[in-house]
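Undergrad: Take this structure first; my questions come after.
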Amino acid sequence: CSMSVESFVSAAEPWGSGRKAGLGALHDEALLETLQRYKRQVAKRYRVVEPDIIEMILPSEELFLSPKLDGELWFLLKRGDDVALAAYNGRVLVDVAPLAGLKEHLAKTEFAKLKDFVVAGELVATMGTERPRSFHVGTSLNDPQGEKALSFHAFDLVSENGEDRLGIPYETRHAWLEKHLGSLPETSKIRVVLTERGDPKLVAQRYREWVLGNRFEGVVVRSQRGLTYKIKPTMTIDVVVVAFGERVTGDVRQVRELQVDLFRDDGSIQLVGSIGNGLSED
């Protein structure tokens, strides 16, 4: 659809140089479902690979590797002539500093022919000389002056003119990003995530340079087979399971989520969070 941002976002309050709408402001149910489905089906289905077995696990083929940025999953939206940033929980940013000049740039490219698109990426906040951390994003979003620290790093094309694009090869989706967003000025806060092509040996090399060198949180690797691998430093911690969630299909009950806590020396229990990945039927 070619409707404007205003037609699917509830009133956004003035914030910094633009406007910010809180949780649930994105009231276009179909669009919100698209964002949530991406989060649910794609971003949470990464295969975790431990750093010391990179060359053993990754397929021996041409791979697409990128640094894993420590930020939050957000989406760049175009509707008609408008652009916005939105999160899968319905938060929306309109006319903010990271979007400066984007509409004008799009009007000069083939983007002008597009009625709409959805691009997935990492919203990152750079504060001082320290490498970006995910909690910096929350800090920036709570401070009107903090928007200057925000930048959006695109890594996937979700849809174009209302058509799902996740079924096409990642090579094609990445080329789309480079063609349209890669031509923005270096000063732009909208960028395409650095992506290289290489084999498992290059992945291991980049892990040492990027992660052990404390430049990035990890490495993301996409294969020609459609699989995505996430490589980050690992640590082991003992936790207690205090609750679980099930999916019930007829008479079949499957554990889908575990709630885990820390049992402290003083007998108290401290919330850690929930785990829903990597669970087998056993």
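By convention in this document, the chains of the structure tokens carry letters A, B, ... by their order, each chain's residues are numbered from 1, and ligands are numbered from 1 in the order they are shown.
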Can you pull out the residues contacting region 100-109 of chain A? Cut-off 10 Å, using only C-alpha atoms, and skip same-chain residues under 3 positions away; I want them as a ChimeraX atom specification.

TA: /A:17-18,78,81-84,95-97,112-114,179-181,183-185,188-190

Undergrad: Can you pull out every residue within 12 Å of Arg47 (chain A), counting only C-alpha atoms, but drop anything in the same chain fewer than 2 positions away, and send it as a PyMOL selection string?

TA: chain A and resi 42-45+49-50+54+57-58+219-223+226-232+277-278

Undergrad: Tell me, as a list in words, which residues lie within 9 Å of Glu62 (chain A), counting only C-alpha atoms; anything in the same chain fewer than 2 positions away does not count.

TA: Pro59, Ser60, Phe64, Arg197, Gly198, Asp199, Pro200, Ser223 and Gln224 of chain A

Undergrad: Quick one: residues within 10 Å of Pro233 (chain A), only C-alpha atoms, excluding same-chain residues fewer than 4 positions away - as a list in words?

TA: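 Everything that qualifies: Val49, Glu50, Pro51, Asp52, Tyr207, Val211, Leu212, Glu217, Gly218 and Val219 of chain A.
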
Undergrad: Could those residues be written to a file, using N, CA and C atoms, as a JSON list (two decimals), in the first residue's frame?

TA:
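That gives us again.json:
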[["chain", "number", "residue", "atom", "x", "y", "z"],
["A", 49, "VAL", "N", 27.05, -21.28, 17.01],
["A", 49, "VAL", "CA", 28.27, -22.05, 16.79],
["A", 49, "VAL", "C", 29.32, -21.55, 17.78],
["A", 50, "GLU", "N", 29.93, -22.45, 18.50],
["A", 50, "GLU", "CA", 30.98, -22.06, 19.44],
["A", 50, "GLU", "C", 32.25, -21.72, 18.65],
["A", 51, "PRO", "N", 32.99, -20.72, 19.11],
["A", 51, "PRO", "CA", 34.14, -20.21, 18.34],
["A", 51, "PRO", "C", 35.20, -21.26, 18.02],
["A", 52, "ASP", "N", 35.42, -22.23, 18.90],
["A", 52, "ASP", "CA", 36.52, -23.17, 18.67],
["A", 52, "ASP", "C", 36.19, -24.27, 17.65],
["A", 207, "TYR", "N", 36.54, -13.59, 13.31],
["A", 207, "TYR", "CA", 36.16, -13.73, 14.71],
["A", 207, "TYR", "C", 37.30, -13.24, 15.61],
["A", 211, "VAL", "N", 35.90, -9.93, 17.25],
["A", 211, "VAL", "CA", 35.33, -10.23, 18.57],
["A", 211, "VAL", "C", 36.40, -10.24, 19.66],
["A", 212, "LEU", "N", 37.46, -11.02, 19.44],
["A", 212, "LEU", "CA", 38.53, -11.05, 20.44],
["A", 212, "LEU", "C", 39.23, -9.70, 20.53],
["A", 217, "GLU", "N", 30.31, -7.59, 18.92],
["A", 217, "GLU", "CA", 29.76, -8.60, 19.83],
["A", 217, "GLU", "C", 29.98, -10.02, 19.32],
["A", 218, "GLY", "N", 29.94, -10.22, 18.01],
["A", 218, "GLY", "CA", 30.08, -11.55, 17.45],
["A", 218, "GLY", "C", 30.15, -11.48, 15.93],
["A", 219, "VAL", "N", 29.97, -12.64, 15.30],
["A", 219, "VAL", "CA", 29.98, -12.74, 13.84],
["A", 219, "VAL", "C", 28.70, -13.45, 13.41]]

Undergrad: Near Phe155 (chain A), within 8 Å and counting only C-alpha atoms, which residues show up once chain neighbours fewer than 3 positions away are dropped, as a list in words?

TA: Val119, Ala120, Gly121, Glu122, His174, Leu177, Val192 and Val193 of chain A

Undergrad: If you count only C-alpha atoms, which residues fall within 9 Å of Val272 (chain A), apart from same-chain ones fewer than 5 positions away, as a PyMOL selection string?

TA: chain A and resi 239+259-262

Undergrad: Could you write those residues out with N, CA and C atoms, as a CSV table (one decimal), in the first residue's frame?

TA:
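Result saved to again.csv:
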chain,number,residue,atom,x,y,z
A,239,VAL,N,22.0,-22.7,36.4
A,239,VAL,CA,20.7,-22.0,36.7
A,239,VAL,C,19.7,-23.1,37.2
A,259,GLN,N,11.8,-21.1,32.1
A,259,GLN,CA,12.1,-19.9,32.9
A,259,GLN,C,13.2,-20.3,33.9
A,260,VAL,N,14.3,-19.6,33.8
A,260,VAL,CA,15.5,-20.0,34.6
A,260,VAL,C,15.9,-18.8,35.5
A,261,ASP,N,16.4,-19.2,36.7
A,261,ASP,CA,16.8,-18.2,37.7
A,261,ASP,C,18.1,-18.7,38.3
A,262,LEU,N,18.7,-17.7,39.0
A,262,LEU,CA,19.9,-18.0,39.8
A,262,LEU,C,19.5,-18.3,41.3

Undergrad: What does the structure give for the distance between CA of Arg206 (chain A) and CA of Phe75 (chain A), in Å to one decimal?

TA: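 A separation of 26.5 Å between them.
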
Undergrad: Taking into account only C-alpha atoms, which residue in the set A:Gly146, A:Gly128, A:Gly24, A:Gly276 is nearest to Asn89 (chain A)?

TA: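 Using only C-alpha atoms, Asn89 (chain A) sits closest to A:Gly24.
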
Undergrad: Please, which residues of region 95-144 of chain A, numbered as in this document, come out strand (DSSP E) from DSSP, as number ranges by chain?

TA: A: 116-125

Undergrad: Take the selection from the previous step and output its residues with N, CA and C atoms, as a PDB file, in the first residue's frame.

TA:
ATOM      1  N   ASP A 116       6.147   0.615  -1.107  1.00  0.00           N
ATOM      2  CA  ASP A 116       6.515   0.339   0.280  1.00  0.00           C
ATOM      3  C   ASP A 116       7.629  -0.692   0.325  1.00  0.00           C
ATOM      4  N   PHE A 117       8.330  -0.735   1.442  1.00  0.00           N
ATOM      5  CA  PHE A 117       9.288  -1.794   1.716  1.00  0.00           C
ATOM      6  C   PHE A 117       9.497  -1.895   3.221  1.00  0.00           C
ATOM      7  N   VAL A 118      10.010  -3.044   3.637  1.00  0.00           N
ATOM      8  CA  VAL A 118      10.386  -3.278   5.025  1.00  0.00           C
ATOM      9  C   VAL A 118      11.790  -3.865   5.020  1.00  0.00           C
ATOM     10  N   VAL A 119      12.705  -3.218   5.717  1.00  0.00           N
ATOM     11  CA  VAL A 119      14.094  -3.656   5.804  1.00  0.00           C
ATOM     12  C   VAL A 119      14.438  -3.903   7.268  1.00  0.00           C
ATOM     13  N   ALA A 120      14.999  -5.057   7.558  1.00  0.00           N
ATOM     14  CA  ALA A 120      15.416  -5.379   8.923  1.00  0.00           C
ATOM     15  C   ALA A 120      16.845  -4.915   9.151  1.00  0.00           C
ATOM     16  N   GLY A 121      17.126  -4.494  10.374  1.00  0.00           N
ATOM     17  CA  GLY A 121      18.475  -4.051  10.692  1.00  0.00           C
ATOM     18  C   GLY A 121      18.670  -3.896  12.183  1.00  0.00           C
ATOM     19  N   GLU A 122      19.834  -3.430  12.542  1.00  0.00           N
ATOM     20  CA  GLU A 122      20.192  -3.244  13.953  1.00  0.00           C
ATOM     21  C   GLU A 122      20.215  -1.758  14.257  1.00  0.00           C
ATOM     22  N   LEU A 123      19.433  -1.355  15.251  1.00  0.00           N
ATOM     23  CA  LEU A 123      19.483   0.018  15.733  1.00  0.00           C
ATOM     24  C   LEU A 123      20.564   0.073  16.796  1.00  0.00           C
ATOM     25  N   VAL A 124      21.580   0.896  16.549  1.00  0.00           N
ATOM     26  CA  VAL A 124      22.769   0.937  17.394  1.00  0.00           C
ATOM     27  C   VAL A 124      22.946   2.337  17.945  1.00  0.00           C
ATOM     28  N   ALA A 125      23.423   2.419  19.181  1.00  0.00           N
ATOM     29  CA  ALA A 125      23.748   3.711  19.787  1.00  0.00           C
ATOM     30  C   ALA A 125      25.234   3.750  20.106  1.00  0.00           C
TER      31      ALA A 125
END

Undergrad: Run DSSP on the backbone of this structure and report the residues of region 13-150 of chain A it assigns to helix (DSSP H, G or I), as a PyMOL selection string.

TA: chain A and resi 29-41+43-45+51-57+97-99+102-107+110-113+134-141+144-149

Undergrad: Give me a file of those residues, with N, CA and C atoms, as a tab-separated table (two decimals), in the first residue's frame.

TA:
chain	number	residue	atom	x	y	z
A	29	GLU	N	-2.19	-3.81	11.72
A	29	GLU	CA	-2.02	-5.18	12.22
A	29	GLU	C	-1.21	-6.04	11.27
A	30	ALA	N	-1.42	-5.90	9.98
A	30	ALA	CA	-0.69	-6.71	9.00
A	30	ALA	C	0.80	-6.38	9.03
A	31	LEU	N	1.11	-5.09	9.11
A	31	LEU	CA	2.50	-4.67	9.15
A	31	LEU	C	3.16	-5.13	10.45
A	32	LEU	N	2.45	-4.95	11.56
A	32	LEU	CA	2.98	-5.38	12.85
A	32	LEU	C	3.24	-6.88	12.87
A	33	GLU	N	2.34	-7.66	12.27
A	33	GLU	CA	2.53	-9.10	12.19
A	33	GLU	C	3.76	-9.45	11.35
A	34	THR	N	4.02	-8.68	10.30
A	34	THR	CA	5.22	-8.90	9.48
A	34	THR	C	6.48	-8.74	10.31
A	35	LEU	N	6.52	-7.68	11.11
A	35	LEU	CA	7.70	-7.43	11.95
A	35	LEU	C	7.85	-8.52	13.01
A	36	GLN	N	6.75	-8.88	13.64
A	36	GLN	CA	6.80	-9.89	14.70
A	36	GLN	C	7.14	-11.26	14.14
A	37	ARG	N	6.65	-11.55	12.95
A	37	ARG	CA	6.94	-12.85	12.33
A	37	ARG	C	8.43	-12.95	12.00
A	38	TYR	N	9.00	-11.86	11.53
A	38	TYR	CA	10.44	-11.87	11.25
A	38	TYR	C	11.22	-12.15	12.52
A	39	LYS	N	10.87	-11.45	13.58
A	39	LYS	CA	11.53	-11.67	14.86
A	39	LYS	C	11.37	-13.11	15.32
A	40	ARG	N	10.17	-13.64	15.16
A	40	ARG	CA	9.86	-14.98	15.67
A	40	ARG	C	10.47	-16.08	14.81
A	41	GLN	N	10.38	-15.95	13.50
A	41	GLN	CA	10.76	-17.05	12.63
A	41	GLN	C	12.18	-16.96	12.08
A	43	ALA	N	14.91	-14.17	13.13
A	43	ALA	CA	15.95	-13.73	14.06
A	43	ALA	C	16.18	-14.72	15.19
A	44	LYS	N	15.16	-15.49	15.57
A	44	LYS	CA	15.32	-16.42	16.68
A	44	LYS	C	15.73	-17.82	16.23
A	45	ARG	N	15.93	-18.00	14.92
A	45	ARG	CA	16.29	-19.32	14.42
A	45	ARG	C	17.76	-19.41	14.00
A	51	PRO	N	32.99	-20.72	19.11
A	51	PRO	CA	34.14	-20.21	18.34
A	51	PRO	C	35.20	-21.26	18.02
A	52	ASP	N	35.42	-22.23	18.90
A	52	ASP	CA	36.52	-23.17	18.67
A	52	ASP	C	36.19	-24.27	17.65
A	53	ILE	N	34.96	-24.30	17.13
A	53	ILE	CA	34.61	-25.32	16.14
A	53	ILE	C	34.06	-24.69	14.86
A	54	ILE	N	34.44	-23.43	14.61
A	54	ILE	CA	33.94	-22.71	13.43
A	54	ILE	C	34.21	-23.50	12.15
A	55	GLU	N	35.47	-23.92	11.95
A	55	GLU	CA	35.83	-24.56	10.70
A	55	GLU	C	35.29	-25.98	10.59
A	56	MET	N	34.86	-26.56	11.71
A	56	MET	CA	34.30	-27.91	11.69
A	56	MET	C	32.81	-27.88	11.35
A	57	ILE	N	32.11	-26.85	11.79
A	57	ILE	CA	30.65	-26.80	11.68
A	57	ILE	C	30.17	-26.10	10.42
A	97	ALA	N	16.80	12.10	13.75
A	97	ALA	CA	18.11	12.38	13.15
A	97	ALA	C	18.64	11.27	12.26
A	98	PRO	N	18.53	9.98	12.63
A	98	PRO	CA	19.07	8.94	11.75
A	98	PRO	C	18.42	8.89	10.37
A	99	LEU	N	17.20	9.43	10.24
A	99	LEU	CA	16.49	9.41	8.96
A	99	LEU	C	16.73	10.65	8.11
A	102	LEU	N	17.02	10.92	4.11
A	102	LEU	CA	16.71	9.64	3.47
A	102	LEU	C	15.60	9.78	2.43
A	103	LYS	N	14.54	10.51	2.77
A	103	LYS	CA	13.44	10.67	1.82
A	103	LYS	C	13.92	11.32	0.52
A	104	GLU	N	14.77	12.33	0.66
A	104	GLU	CA	15.29	13.03	-0.51
A	104	GLU	C	16.16	12.09	-1.35
A	105	HIS	N	16.94	11.24	-0.67
A	105	HIS	CA	17.78	10.28	-1.38
A	105	HIS	C	16.93	9.26	-2.14
A	106	LEU	N	15.90	8.76	-1.48
A	106	LEU	CA	15.05	7.75	-2.11
A	106	LEU	C	14.34	8.31	-3.34
A	107	ALA	N	13.97	9.58	-3.27
A	107	ALA	CA	13.24	10.19	-4.38
A	107	ALA	C	14.09	10.27	-5.65
A	110	GLU	N	15.67	4.44	-7.70
A	110	GLU	CA	14.56	3.58	-8.08
A	110	GLU	C	13.56	3.40	-6.94
A	111	PHE	N	13.98	3.78	-5.73
A	111	PHE	CA	13.07	3.71	-4.59
A	111	PHE	C	11.81	4.53	-4.84
A	112	ALA	N	11.93	5.57	-5.66
A	112	ALA	CA	10.78	6.44	-5.93
A	112	ALA	C	9.63	5.65	-6.54
A	113	LYS	N	9.94	4.52	-7.17
A	113	LYS	CA	8.92	3.70	-7.81
A	113	LYS	C	8.28	2.72	-6.83
A	134	SER	N	23.88	-3.05	23.68
A	134	SER	CA	22.44	-3.02	23.47
A	134	SER	C	21.74	-2.05	24.42
A	135	PHE	N	22.22	-1.97	25.67
A	135	PHE	CA	21.53	-1.09	26.64
A	135	PHE	C	21.73	0.38	26.31
A	136	HIS	N	22.71	0.71	25.46
A	136	HIS	CA	22.88	2.10	25.04
A	136	HIS	C	21.68	2.57	24.21
A	137	VAL	N	21.04	1.64	23.49
A	137	VAL	CA	19.89	2.01	22.68
A	137	VAL	C	18.75	2.48	23.58
A	138	GLY	N	18.47	1.71	24.64
A	138	GLY	CA	17.43	2.10	25.57
A	138	GLY	C	17.71	3.44	26.21
A	139	THR	N	18.98	3.67	26.54
A	139	THR	CA	19.36	4.97	27.13
A	139	THR	C	19.09	6.10	26.15
A	140	SER	N	19.45	5.89	24.88
A	140	SER	CA	19.24	6.93	23.87
A	140	SER	C	17.76	7.19	23.62
A	141	LEU	N	16.96	6.12	23.63
A	141	LEU	CA	15.53	6.27	23.35
A	141	LEU	C	14.78	6.93	24.51
A	144	PRO	N	15.73	12.65	24.64
A	144	PRO	CA	15.58	13.32	23.35
A	144	PRO	C	16.90	13.71	22.70
A	145	GLN	N	17.91	14.00	23.51
A	145	GLN	CA	19.21	14.36	22.96
A	145	GLN	C	19.99	13.13	22.49
A	146	GLY	N	19.54	11.95	22.91
A	146	GLY	CA	20.27	10.73	22.61
A	146	GLY	C	20.10	10.24	21.19
A	147	GLU	N	19.14	10.82	20.45
A	147	GLU	CA	18.92	10.34	19.08
A	147	GLU	C	20.13	10.59	18.19
A	148	LYS	N	20.97	11.52	18.57
A	148	LYS	CA	22.17	11.80	17.78
A	148	LYS	C	23.14	10.62	17.80
A	149	ALA	N	23.01	9.78	18.80
A	149	ALA	CA	23.90	8.62	18.92
A	149	ALA	C	23.39	7.42	18.14

Undergrad: Show which residues sit within 9 Å of Ala25 (chain A), as a list in words. Count only C-alpha atoms, and ignore same-chain residues fewer than 4 positions away.

TA: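 Non-adjacent residues within range: Phe8, Val9, Ser10, Ala11, Ala12, Ala21, Asn89, Gly90, Arg91 and Val92 of chain A.
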